[in-house]
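Engineer: Would you mind keeping the following structure in view while I ask a few things?
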Amino acid sequence: MRTPIIAGNWKMNKTIEEAIDLVKEIKSGLKKDVETVVCVPFTTLSQVKKEIEGTELKIGAQNMHWEESGAFTGEISPLMLKEIGVDYVIIGHSERRQYFGETDEIVNKKTKAALKHNINPIVCVGETLAQREKNIHKELVESQILKALDHIDDEEVIKIVIAYEPIWAIGTGKTATSEEANDMISFIRNILRDKYSQDISEKVRIQYGGSVKSSNIAEIMSQSDIDGALVGGASLKSDEFIKLIRF
Ligand SMILES: O=C(CO)COP(=O)(O)O
């Protein structure tokens with residue numbers, strides 16, 4: 001059985017003070033057997049980590065460099081995240097790919113670096129609207145997955161969470177139908193089966209992301225292959241996020 005995982009991606013939102021307020025409310029609404037993660041801005045990681053001590057709430061970063069240190073102005077290394085005690089890191093979010101030029105090769109390097117440092121990567125994949133309309137969305141996602149997982153073995157891949165986020169559904173209010181999401185996610189599971197094994201494909205958790213909110217979470221989570229959600233906008237308000245955890 002795969003434990004459901006609901007992760008909030010706060011993106012570039014919340015000052016330290018706001019972050020602490022939000023996390024105080026979230027930790028009071030946790031649900032047993034649903035892994036809950038908040039992926040917060042770098043500047044708030046330390047304080048949020050202190051605030052969640054002794055609770056089941058997990059903490060994630062939204063990005064990371066693959067090197068341990070060096071002349072990479074403005075970047076944050078896996079060692080720095082590990083020192084804070086970060087559990088997860090989002091890798092290859094479509095906004096990083098789109099605005100900051102992250103390629104599949106970079107996503108692979110970052111994923112391997114996270115695993116090396118025992119930080120669980122949440123690896124994001126997903127197609128644009130144009131790619132879906134051209135009916136090349138599965139090809140595209142397959143290529144993103146295989147490149148992200150290059151040289152990652154059986155023992156490591158099960159620590160990865162994959163997030164399928166169709167770009168046209170992010171922040172647009174347009175959700176993929178739960179059937180469309182499940183269809184792609186079961187397709188991803190088949191890619192894992194072919195690359196690794198049936199057993200591995202049944203262990204890896206795969207989330208859906210894109211305009212997830214309290215009104216559609218139950219429907220999304222009722223699908224056979226969807227193990228959770230990566231949530232943007234709706235993770236910024238405690239009452240809404242708690243409803244998502246309690247789907
Ligand atoms: O990008 C997302 C999560 O990583 C999704 O964002 P929204 O939930 O705001 O559509």
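To be explicit about the labels: the chains of the structure tokens are called A, B, and onward in the order shown, and within each one the residues are counted from 1, while ligands get numbers from 1 in the order they are shown.
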Need the shell around Lys213 of chain A: protein/DNA/RNA residues with any atom at most 12 Å away, counting only C-alpha atoms. Skip same-chain ones fewer than 4 positions apart. Format as a PyMOL selection string?

Structural biologist: chain A and resi 6+8+170-171+173-175+208-209+217-221+229-237+239-247

Engineer: Please identify all polymer residues within 6 Å of segment 92-108 of chain A, counting only C-alpha atoms, omitting same-chain residues fewer than 6 positions from it, and present them as a ChimeraX atom specification.

Structural biologist: /A:124,147-148

Engineer: Can those selected residues be exported to a file as a PDB file, in the first residue's frame so that it contains N, CA and C atoms?

Structural biologist:
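This went into part34.pdb:
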```pdb
ATOM      1  N   CYS A 124       9.054  16.662 -10.989  1.00  0.00           N
ATOM      2  CA  CYS A 124       7.876  17.121 -11.732  1.00  0.00           C
ATOM      3  C   CYS A 124       8.028  16.914 -13.240  1.00  0.00           C
ATOM      4  N   LYS A 147      14.579  10.452 -18.831  1.00  0.00           N
ATOM      5  CA  LYS A 147      15.785  11.274 -18.650  1.00  0.00           C
ATOM      6  C   LYS A 147      16.000  11.618 -17.180  1.00  0.00           C
ATOM      7  N   ALA A 148      14.940  11.914 -16.471  1.00  0.00           N
ATOM      8  CA  ALA A 148      15.071  12.249 -15.036  1.00  0.00           C
ATOM      9  C   ALA A 148      15.627  11.060 -14.255  1.00  0.00           C
TER      10      ALA A 148
END
```

Engineer: Where does DSSP see strand (DSSP E or B) in segment 5-178 of chain A, if you list the residues as a VMD selection string?

Structural biologist: chain A and resid 5 to 9 35 to 39 58 to 61 88 to 91 120 to 125 161 to 164

Engineer: Excluding Arg189 of chain A and residues on its chain fewer than 3 positions from it, collect all residues at most 9 Å away from it, counting only C-alpha atoms, and give them as a PyMOL selection string.

Structural biologist: chain A and resi 184-186+192-194+198+201-202+204+206+225

Engineer: Looking at only C-alpha atoms and all ligand atoms, which of A:Lys11, A:Lys138, A:Arg2, A:Lys116 is the one that sits closest to ligand 1?

Structural biologist: A:Lys11

Engineer: Which is closest to ligand 1 among A:Ile84, A:Ile191, A:Met1, A:Ala7, if we use only C-alpha atoms and all ligand atoms?

Structural biologist: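 Under the stated criterion, the closest residue is A:Ala7.
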
Engineer: To one decimal place in Å, what is the distance between atom CA of Val40 of chain A and atom CA of Leu79 of chain A?

Structural biologist: 17.3 Å

Engineer: Between atom CA of Val157 of chain A and atom CA of Met12 of chain A, what is the spacing in Å?

Structural biologist: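 Separation of atom CA of Met12 of chain A and atom CA of Val157 of chain A: 28.3 Å.
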
Engineer: Of the candidates A:Ala19, A:Ile188, A:Ile145, A:Val123, which shows the shortest atom-to-atom distance to ligand 1, using only C-alpha atoms and all ligand atoms?

Structural biologist: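 Closest to ligand 1, using only C-alpha atoms and all ligand atoms: A:Val123.
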
Engineer: What does the distance between atom CA of Glu142 of chain A and atom CA of Asp154 of chain A come to in Å, to one decimal place?

Structural biologist: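 Separation of atom CA of Glu142 of chain A and atom CA of Asp154 of chain A: 18.1 Å.
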
Engineer: Nearest residue to ligand 1 out of A:Leu45, A:Ile152, A:Val125, A:Ala113, using only C-alpha atoms and all ligand atoms?

Structural biologist: A:Val125

Engineer: At a cut-off of 9 Å, using only C-alpha atoms, what residues contact Ser46 of chain A? Leave out same-chain residues fewer than 4 positions from it and give the result as a list of chain:residue names.

Structural biologist: A:Phe42, A:Lys50, A:Glu51, A:Ile84, A:Gly85

Engineer: Write down as a ChimeraX atom specification the residues belonging to segment 120-226 of chain A that are assigned alpha helix (DSSP H) by DSSP computed on the backbone.

Structural biologist: /A:129-133,137-148,154-157,178-195,198-203,217-221

Engineer: Only C-alpha atoms, please: the residues just picked out, written as a PDB file, in the first residue's frame.

Structural biologist:
```pdb
ATOM      1  CA  LEU A 129      -1.339  22.678 -23.854  1.00  0.00           C
ATOM      2  CA  ALA A 130       0.179  22.772 -27.360  1.00  0.00           C
ATOM      3  CA  GLN A 131       1.837  19.392 -26.785  1.00  0.00           C
ATOM      4  CA  ARG A 132      -1.447  17.889 -25.582  1.00  0.00           C
ATOM      5  CA  GLU A 133      -3.312  19.326 -28.553  1.00  0.00           C
ATOM      6  CA  HIS A 137       1.887  14.555 -24.422  1.00  0.00           C
ATOM      7  CA  LYS A 138       2.612  10.921 -23.583  1.00  0.00           C
ATOM      8  CA  GLU A 139       5.768  10.830 -25.669  1.00  0.00           C
ATOM      9  CA  LEU A 140       6.929  14.017 -23.964  1.00  0.00           C
ATOM     10  CA  VAL A 141       6.214  12.808 -20.433  1.00  0.00           C
ATOM     11  CA  GLU A 142       7.860   9.457 -21.175  1.00  0.00           C
ATOM     12  CA  SER A 143      10.994  11.228 -22.335  1.00  0.00           C
ATOM     13  CA  GLN A 144      10.995  13.522 -19.256  1.00  0.00           C
ATOM     14  CA  ILE A 145      10.639  10.527 -16.926  1.00  0.00           C
ATOM     15  CA  LEU A 146      13.315   8.393 -18.584  1.00  0.00           C
ATOM     16  CA  LYS A 147      15.785  11.274 -18.650  1.00  0.00           C
ATOM     17  CA  ALA A 148      15.071  12.249 -15.036  1.00  0.00           C
ATOM     18  CA  ASP A 154      15.913   0.193  -7.898  1.00  0.00           C
ATOM     19  CA  GLU A 155      16.831   1.103  -4.340  1.00  0.00           C
ATOM     20  CA  GLU A 156      16.866   4.814  -5.091  1.00  0.00           C
ATOM     21  CA  VAL A 157      13.882   5.149  -7.352  1.00  0.00           C
ATOM     22  CA  SER A 178      -9.493  12.948 -12.895  1.00  0.00           C
ATOM     23  CA  GLU A 179      -9.640  10.373 -15.697  1.00  0.00           C
ATOM     24  CA  GLU A 180      -7.097  12.305 -17.788  1.00  0.00           C
ATOM     25  CA  ALA A 181      -4.821  12.609 -14.759  1.00  0.00           C
ATOM     26  CA  ASN A 182      -5.184   8.942 -13.870  1.00  0.00           C
ATOM     27  CA  ASP A 183      -4.598   7.882 -17.460  1.00  0.00           C
ATOM     28  CA  MET A 184      -1.256   9.714 -17.558  1.00  0.00           C
ATOM     29  CA  ILE A 185      -0.277   8.556 -14.100  1.00  0.00           C
ATOM     30  CA  SER A 186      -0.949   4.910 -14.923  1.00  0.00           C
ATOM     31  CA  PHE A 187       1.045   5.455 -18.123  1.00  0.00           C
ATOM     32  CA  ILE A 188       3.939   6.708 -15.955  1.00  0.00           C
ATOM     33  CA  ARG A 189       3.581   3.634 -13.744  1.00  0.00           C
ATOM     34  CA  ASN A 190       3.901   1.451 -16.837  1.00  0.00           C
ATOM     35  CA  ILE A 191       7.092   3.275 -17.796  1.00  0.00           C
ATOM     36  CA  LEU A 192       8.450   2.429 -14.320  1.00  0.00           C
ATOM     37  CA  ARG A 193       7.379  -1.188 -14.743  1.00  0.00           C
ATOM     38  CA  ASP A 194       9.199  -1.441 -18.074  1.00  0.00           C
ATOM     39  CA  LYS A 195      12.351   0.306 -16.811  1.00  0.00           C
ATOM     40  CA  GLN A 198       6.230  -4.515 -11.572  1.00  0.00           C
ATOM     41  CA  ASP A 199       7.162  -4.428  -7.896  1.00  0.00           C
ATOM     42  CA  ILE A 200       8.974  -1.082  -8.167  1.00  0.00           C
ATOM     43  CA  SER A 201       6.195   0.434 -10.257  1.00  0.00           C
ATOM     44  CA  GLU A 202       3.751  -0.402  -7.489  1.00  0.00           C
ATOM     45  CA  LYS A 203       5.939   1.215  -4.837  1.00  0.00           C
ATOM     46  CA  ILE A 217      -9.476  16.517  -4.226  1.00  0.00           C
ATOM     47  CA  ALA A 218     -11.798  13.629  -3.332  1.00  0.00           C
ATOM     48  CA  GLU A 219     -12.464  12.860  -6.969  1.00  0.00           C
ATOM     49  CA  ILE A 220      -8.736  13.016  -7.791  1.00  0.00           C
ATOM     50  CA  MET A 221      -7.751  10.808  -4.848  1.00  0.00           C
TER      51      MET A 221
END
```
